[in-house]
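J.: input-v7.tsv (TSV, C-alpha atoms and all ligand atoms) pasted underneath:
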chain	number	residue	atom	x	y	z
E	935	MET	CA	-11.98	-9.52	-19.87
E	936	VAL	CA	-12.21	-7.47	-16.70
E	937	VAL	CA	-14.12	-4.21	-17.14
E	938	SER	CA	-12.59	-1.15	-15.49
E	939	PRO	CA	-14.84	-0.22	-12.57
E	940	THR	CA	-13.50	3.34	-12.44
E	941	ASN	CA	-14.60	4.59	-15.84
E	942	ALA	CA	-12.45	7.58	-14.87
E	943	PRO	CA	-14.36	10.88	-14.92
E	944	VAL	CA	-11.30	12.31	-13.15
E	945	ASP	CA	-10.12	13.61	-16.51
E	946	SER	CA	-13.13	15.92	-16.62
E	947	LEU	CA	-12.14	17.67	-13.36
E	948	PRO	CA	-10.66	21.18	-13.79
E	949	GLU	CA	-6.90	21.37	-14.22
E	950	THR	CA	-6.68	23.06	-10.83
E	951	ALA	CA	-8.12	19.97	-9.12
E	952	SER	CA	-5.79	18.70	-6.41
E	953	LYS	CA	-4.65	15.11	-6.12
E	954	GLN	CA	-7.08	14.77	-3.20
E	955	ASP	CA	-9.98	16.05	-5.37
E	956	CYS	CA	-9.16	13.43	-8.02
E	957	LEU	CA	-8.79	10.67	-5.44
E	958	ASP	CA	-12.13	11.60	-3.86
E	959	VAL	CA	-13.83	10.87	-7.20
E	960	ILE	CA	-12.21	7.44	-7.42
E	961	ALA	CA	-12.98	6.73	-3.75
E	962	GLN	CA	-16.66	7.47	-4.42
E	963	GLN	CA	-16.63	4.94	-7.23
E	964	ALA	CA	-14.94	2.34	-5.06
E	965	ALA	CA	-17.60	2.93	-2.41
E	966	GLN	CA	-20.30	2.00	-4.94
E	967	CYS	CA	-18.40	-0.79	-6.71
E	968	SER	CA	-20.03	-4.21	-7.06
E	969	GLN	CA	-17.59	-5.73	-9.55
E	970	CYS	CA	-16.76	-8.69	-7.29
E	971	ASP	CA	-18.41	-10.59	-4.44
E	972	LEU	CA	-16.37	-8.80	-1.76
E	973	HIS	CA	-18.83	-5.91	-1.90
E	974	THR	CA	-21.56	-8.11	-0.37
E	975	GLY	CA	-19.66	-8.46	2.92
E	976	ARG	CA	-18.34	-4.94	3.36
E	977	THR	CA	-19.45	-2.38	5.93
E	978	GLN	CA	-17.75	0.16	3.68
E	979	SER	CA	-14.93	0.26	1.19
E	980	VAL	CA	-11.51	1.22	2.54
E	981	PHE	CA	-9.72	3.53	0.14
E	982	SER	CA	-6.69	5.22	1.67
E	983	ASP	CA	-5.04	7.15	4.45
E	984	GLY	CA	-2.19	9.62	4.58
E	985	ASN	CA	-0.95	12.29	2.23
E	986	PRO	CA	-1.34	11.95	-1.56
E	987	GLU	CA	1.33	14.65	-2.00
E	988	ALA	CA	3.96	12.45	-0.31
E	989	PRO	CA	6.65	10.78	-2.47
E	990	LEU	CA	6.13	7.48	-0.64
E	991	MET	CA	3.21	5.06	-1.02
E	992	LEU	CA	2.49	1.81	0.79
E	993	ILE	CA	0.25	-0.88	-0.65
E	994	GLY	CA	-1.07	-3.65	1.60
E	995	GLU	CA	-3.32	-6.62	0.96
E	996	GLY	CA	-6.85	-5.67	1.93
E	997	PRO	CA	-8.95	-4.40	4.83
E	998	GLY	CA	-9.45	-6.51	7.93
E	999	GLN	CA	-12.27	-6.19	10.46
E	1000	HIS	CA	-11.08	-2.94	12.05
E	1001	GLU	CA	-10.43	-1.33	8.69
E	1002	ASP	CA	-13.86	-2.42	7.41
E	1003	GLU	CA	-15.46	-0.86	10.49
E	1004	SER	CA	-13.48	2.39	10.43
E	1005	GLY	CA	-13.01	2.88	6.68
E	1006	ILE	CA	-9.28	3.53	7.24
E	1007	PRO	CA	-6.50	1.14	6.13
E	1008	PHE	CA	-4.06	-0.33	8.64
E	1009	VAL	CA	-5.70	0.59	11.94
E	1010	GLY	CA	-5.87	-2.89	13.54
E	1011	ARG	CA	-2.96	-4.60	15.33
E	1012	ALA	CA	-0.90	-4.93	12.17
E	1013	GLY	CA	-1.66	-1.34	11.31
E	1014	GLN	CA	-0.56	-0.10	14.72
E	1015	LEU	CA	2.71	-1.96	14.29
E	1016	LEU	CA	3.08	-0.44	10.82
E	1017	THR	CA	2.55	3.04	12.27
E	1018	GLN	CA	5.32	2.38	14.83
E	1019	ILE	CA	7.67	0.96	12.22
E	1020	LEU	CA	7.22	4.02	10.03
E	1021	ALA	CA	7.65	6.35	12.99
E	1022	SER	CA	10.92	4.60	13.90
E	1023	VAL	CA	12.44	6.15	10.77
E	1024	ASP	CA	10.60	9.42	11.18
E	1025	ILE	CA	7.84	8.71	8.67
E	1026	ASP	CA	4.52	10.07	9.94
E	1027	ARG	CA	1.63	8.03	8.53
E	1028	LYS	CA	-0.59	11.10	8.12
E	1029	THR	CA	1.87	13.45	6.44
E	1030	ASP	CA	4.78	11.50	4.92
E	1031	ILE	CA	3.14	8.55	3.15
E	1032	TYR	CA	0.02	7.57	1.22
E	1033	ILE	CA	-1.39	4.20	2.37
E	1034	CYS	CA	-3.79	1.93	0.49
E	1035	ASN	CA	-4.47	-1.72	-0.35
E	1036	ILE	CA	-4.67	-4.05	-3.34
E	1037	VAL	CA	-8.40	-4.62	-2.70
E	1038	LYS	CA	-10.73	-2.05	-1.18
E	1039	CYS	CA	-13.27	-4.37	0.43
E	1040	ARG	CA	-12.68	-6.84	3.26
E	1041	PRO	CA	-12.18	-10.47	2.22
E	1042	PRO	CA	-14.18	-12.81	4.50
E	1043	GLN	CA	-12.36	-14.38	7.46
E	1044	ASN	CA	-9.36	-12.18	6.61
E	1045	ARG	CA	-8.33	-14.53	3.79
E	1046	ALA	CA	-6.08	-13.19	1.05
E	1047	PRO	CA	-7.97	-11.80	-1.97
E	1048	VAL	CA	-8.16	-14.24	-4.89
E	1049	PRO	CA	-6.74	-13.27	-8.34
E	1050	GLU	CA	-10.20	-12.49	-9.76
E	1051	GLU	CA	-10.93	-10.04	-6.90
E	1052	MET	CA	-7.52	-8.43	-7.28
E	1053	ALA	CA	-7.97	-8.06	-11.04
E	1054	ARG	CA	-11.42	-6.48	-10.69
E	1055	CYS	CA	-10.14	-3.99	-8.12
E	1056	PHE	CA	-6.84	-3.25	-9.84
E	1057	SER	CA	-7.96	-0.24	-11.84
E	1058	PHE	CA	-8.72	1.61	-8.58
E	1059	LEU	CA	-5.15	1.02	-7.46
E	1060	GLU	CA	-3.76	2.03	-10.83
E	1061	GLU	CA	-5.75	5.28	-10.66
E	1062	GLN	CA	-4.38	5.90	-7.17
E	1063	ILE	CA	-0.81	5.41	-8.39
E	1064	ARG	CA	-1.43	7.53	-11.50
E	1065	ILE	CA	-2.82	10.41	-9.42
E	1066	VAL	CA	-0.39	10.26	-6.48
E	1067	GLN	CA	2.68	9.68	-8.69
E	1068	PRO	CA	4.81	8.29	-5.86
E	1069	LYS	CA	8.57	8.09	-6.27
E	1070	TYR	CA	8.77	5.04	-4.02
E	1071	ILE	CA	6.22	2.29	-3.36
E	1072	LEU	CA	6.41	-0.19	-0.49
E	1073	LEU	CA	4.64	-3.47	-1.18
E	1074	ALA	CA	3.67	-4.94	2.18
E	1075	GLY	CA	3.44	-8.72	1.83
E	1076	ALA	CA	3.33	-11.26	-0.97
E	1077	THR	CA	-0.16	-10.33	-2.18
E	1078	ALA	CA	0.81	-6.71	-2.88
E	1079	MET	CA	4.09	-7.85	-4.41
E	1080	LYS	CA	2.33	-10.31	-6.76
E	1081	GLY	CA	-0.41	-7.84	-7.62
E	1082	VAL	CA	1.88	-4.95	-8.55
E	1083	LEU	CA	5.08	-6.61	-9.77
E	1084	GLY	CA	3.81	-10.07	-10.72
E	1085	ILE	CA	6.63	-11.63	-8.67
E	1086	LYS	CA	5.61	-15.04	-7.39
E	1087	THR	CA	8.82	-16.08	-5.58
E	1088	GLY	CA	8.89	-15.95	-1.79
E	1089	ILE	CA	9.05	-12.44	-0.38
E	1090	THR	CA	12.01	-13.43	1.80
E	1091	LYS	CA	14.16	-13.68	-1.35
E	1092	VAL	CA	13.29	-10.25	-2.76
E	1093	ARG	CA	12.38	-8.02	0.19
E	1094	GLY	CA	14.55	-4.97	0.53
E	1095	GLN	CA	15.26	-4.68	-3.21
E	1096	TRP	CA	14.01	-1.87	-5.44
E	1097	PHE	CA	12.21	-2.92	-8.63
E	1098	ASP	CA	11.19	-0.88	-11.65
E	1099	THR	CA	7.43	-0.52	-12.09
E	1100	PRO	CA	5.19	0.28	-15.06
E	1101	TYR	CA	4.34	3.57	-13.26
E	1102	GLY	CA	6.70	6.23	-14.55
E	1103	ASN	CA	9.94	6.31	-12.60
E	1104	ALA	CA	8.38	4.86	-9.46
E	1105	LYS	CA	10.48	2.16	-7.80
E	1106	ALA	CA	8.84	-0.51	-5.66
E	1107	MET	CA	10.29	-2.48	-2.76
E	1108	PRO	CA	8.62	-5.60	-1.31
E	1109	ILE	CA	8.71	-5.63	2.51
E	1110	PHE	CA	7.32	-8.07	5.04
E	1111	HIS	CA	3.68	-7.54	5.92
E	1112	PRO	CA	3.35	-6.20	9.50
E	1113	SER	CA	0.93	-9.02	10.39
E	1114	TYR	CA	3.76	-11.48	9.65
E	1115	LEU	CA	6.05	-9.52	11.98
E	1116	LEU	CA	3.47	-9.79	14.77
E	1117	ARG	CA	4.30	-13.50	14.99
E	1118	TYR	CA	7.90	-12.78	15.95
E	1119	GLY	CA	9.06	-11.17	19.19
E	1120	SER	CA	12.79	-11.14	18.57
E	1121	LYS	CA	14.66	-8.31	16.88
E	1122	GLU	CA	17.91	-10.31	16.79
E	1123	LYS	CA	20.05	-10.19	13.66
E	1124	PHE	CA	18.50	-12.03	10.66
E	1125	THR	CA	15.02	-12.28	12.21
E	1126	PRO	CA	12.03	-10.83	10.26
E	1127	LYS	CA	11.91	-7.71	12.47
E	1128	TRP	CA	15.63	-7.11	11.96
E	1129	PHE	CA	15.20	-7.39	8.17
E	1130	MET	CA	12.32	-4.91	8.37
E	1131	TRP	CA	14.58	-2.49	10.22
E	1132	GLN	CA	17.22	-2.79	7.46
E	1133	ASP	CA	14.55	-2.11	4.83
E	1134	MET	CA	13.21	0.90	6.70
E	1135	LYS	CA	16.69	2.38	7.01
E	1136	GLU	CA	17.04	2.03	3.23
E	1137	VAL	CA	13.69	3.81	2.76
E	1138	ARG	CA	14.81	6.61	5.09
E	1139	GLN	CA	18.00	6.97	3.08
E	1140	VAL	CA	16.29	7.30	-0.31
E	1141	LEU	CA	13.84	9.83	1.15
E	1142	ASP	CA	16.72	11.85	2.61
E	1143	GLU	CA	18.47	11.78	-0.77
E	1144	LEU	CA	15.28	12.96	-2.43
E	1145	ASN	CA	14.99	15.82	0.08
E	1146	SER	CA	18.61	16.87	-0.40
E	1147	ALA	CA	18.19	16.80	-4.19
E	1148	SER	CA	15.07	18.97	-4.04
E	1149	ASN	CA	16.75	21.45	-1.64
E	1150	ALA	CA	19.92	21.70	-3.74
J	1201	LIG	N1	-3.69	-5.55	6.39
J	1201	LIG	C1	-3.63	-4.98	5.17
J	1201	LIG	O1	-2.98	-5.50	4.28
J	1201	LIG	N2	-4.28	-3.85	4.98
J	1201	LIG	C2	-4.96	-3.24	5.92
J	1201	LIG	O2	-5.53	-2.19	5.66
J	1201	LIG	C3	-5.00	-3.84	7.20
J	1201	LIG	C4	-4.37	-5.00	7.41
Let me see the structure of the file written as structure tokens.
Ligand code: URA
T.:
Amino acid sequence: MVVSPTNAPVDSLPETASKQDCLDVIAQQAAQCSQCDLHTGRTQSVFSDGNPEAPLMLIGEGPGQHEDESGIPFVGRAGQLLTQILASVDIDRKTDIYICNIVKCRPPQNRAPVPEEMARCFSFLEEQIRIVQPKYILLAGATAMKGVLGIKTGITKVRGQWFDTPYGNAKAMPIFHPSYLLRYGSKEKFTPKWFMWQDMKEVRQVLDELNSASNA
């Protein structure tokens, strides 16, 4: 059995504690975690970026070299592409989305995290989702999709679809990982970048609907 590394003292924070206050407690625990071997290679844990008050969350795979060095998710080449993709539908990565990863420490040689590492880190992610309470979750790549939804089919078959999650009313959509998109130049119809554009337009639409509903 995997022991929860968080041991959540968040519940003992005052009721007035903000989402950020609660997340800071969990981030501190992640920074000290040694539940799997990934901690031995980290410069620092990489917890999150963006706005925990946003209705949109993005979950990636795990930190790479630049993230390990900076402590911020998605700042390397793939991250810069992600920032541009989000901006193309008017989503600012600092204010309109909360960004994190399945595992908080860098896997060596940028390999995907193994199931044991994902399982040992999962309670941090579950705490993040529980605190942020996103309405919509984007799962960037197959690792995030498998970790959160347990879907093992190819991401090409399911990307762009909303799935129910065990997290309240939150819906989750698998999307291509930006590092996969870096391998393709073309934006022609039916190429990976074109599919990403379709998915982002869908995300923009649900966010606009959410805004209209809350302004009504
Ligand atoms: N890839 C990820 O999945 N996460 C990051 O933070 C950076 C690259």
J.: Per residue of range 955-1023 of chain E within 8 Å of range 1045-1059 of chain E, what are the shortest atom pair and its distance in Å to one decimal, counting all atoms listed in the file, with rows by chain and residue number, as a Markdown table?
T.:
| residue | atom | partner | partner_atom | distance |
| --- | --- | --- | --- | --- |
| E:Ile960 | CA | E:Phe1058 | CA | 6.9 |
| E:Ala964 | CA | E:Phe1058 | CA | 7.2 |
| E:Gln969 | CA | E:Arg1054 | CA | 6.3 |
| E:Cys970 | CA | E:Glu1051 | CA | 6.0 |
| E:Asp971 | CA | E:Glu1051 | CA | 7.9 |
| E:Leu972 | CA | E:Glu1051 | CA | 7.6 |
| E:Glu995 | CA | E:Ala1046 | CA | 7.1 |
| E:Gly996 | CA | E:Pro1047 | CA | 7.4 |
J.: Near Val1092 in chain E, counting only C-alpha atoms, which residues have an atom at most 8 Å away, once you skip same-chain residues fewer than 4 positions from it, shown as a VMD selection string?
T.: chain E and resid 1087 to 1088 1108
J.: Hey, could you make a per-residue contact list for chain E against ligand LIG 1201 (chain J) with 6 Å as the cut-off, showing the nearest pair of atoms and its distance in Å to one decimal, counting all atoms listed in the file, sorted by chain and number, as JSON lines?
T.:
{"residue": "E:Gly994", "atom": "CA", "partner": "J:LIG1201", "partner_atom": "O1", "distance": 3.8}
{"residue": "E:Glu995", "atom": "CA", "partner": "J:LIG1201", "partner_atom": "O1", "distance": 3.5}
{"residue": "E:Gly996", "atom": "CA", "partner": "J:LIG1201", "partner_atom": "N2", "distance": 4.4}
{"residue": "E:Pro997", "atom": "CA", "partner": "J:LIG1201", "partner_atom": "O2", "distance": 4.2}
{"residue": "E:Gly998", "atom": "CA", "partner": "J:LIG1201", "partner_atom": "C3", "distance": 5.2}
{"residue": "E:Glu1001", "atom": "CA", "partner": "J:LIG1201", "partner_atom": "O2", "distance": 5.8}
{"residue": "E:Pro1007", "atom": "CA", "partner": "J:LIG1201", "partner_atom": "O2", "distance": 3.5}
{"residue": "E:Phe1008", "atom": "CA", "partner": "J:LIG1201", "partner_atom": "O2", "distance": 3.8}
{"residue": "E:Ala1012", "atom": "CA", "partner": "J:LIG1201", "partner_atom": "C4", "distance": 5.9}
{"residue": "E:Gly1013", "atom": "CA", "partner": "J:LIG1201", "partner_atom": "C3", "distance": 5.9}
{"residue": "E:Asn1035", "atom": "CA", "partner": "J:LIG1201", "partner_atom": "N2", "distance": 5.7}
J.: Take the residues from that selection and write them out as a tab-separated table (two decimals), in the frame of the given file, keeping C-alpha atoms.
T.:
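Contents of result26.tsv, as written:
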chain	number	residue	atom	x	y	z
E	994	GLY	CA	-1.07	-3.65	1.60
E	995	GLU	CA	-3.32	-6.62	0.96
E	996	GLY	CA	-6.85	-5.67	1.93
E	997	PRO	CA	-8.95	-4.40	4.83
E	998	GLY	CA	-9.45	-6.51	7.93
E	1001	GLU	CA	-10.43	-1.33	8.69
E	1007	PRO	CA	-6.50	1.14	6.13
E	1008	PHE	CA	-4.06	-0.33	8.64
E	1012	ALA	CA	-0.90	-4.93	12.17
E	1013	GLY	CA	-1.66	-1.34	11.31
E	1035	ASN	CA	-4.47	-1.72	-0.35
J.: Find the spatial neighbours of Thr1017 in chain E, counting all atoms listed in the file, within a cut-off of 10 Å - ignore same-chain residues fewer than 5 positions away - and output them as a list in words.
T.: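 The residues satisfying every condition are Phe1008, Val1009, Arg1011, Ala1012, Ser1022, Ile1025, Asp1026, Arg1027, Lys1028 and Pro1112 of chain E.
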J.: Could you check which of E:Ala988, E:Leu1020, E:Leu1083, E:Ala1074 is closest to Asn1145 in chain E, using all atoms listed in the file?
T.: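 Of all the options, E:Ala988 lies closest to Asn1145 in chain E.
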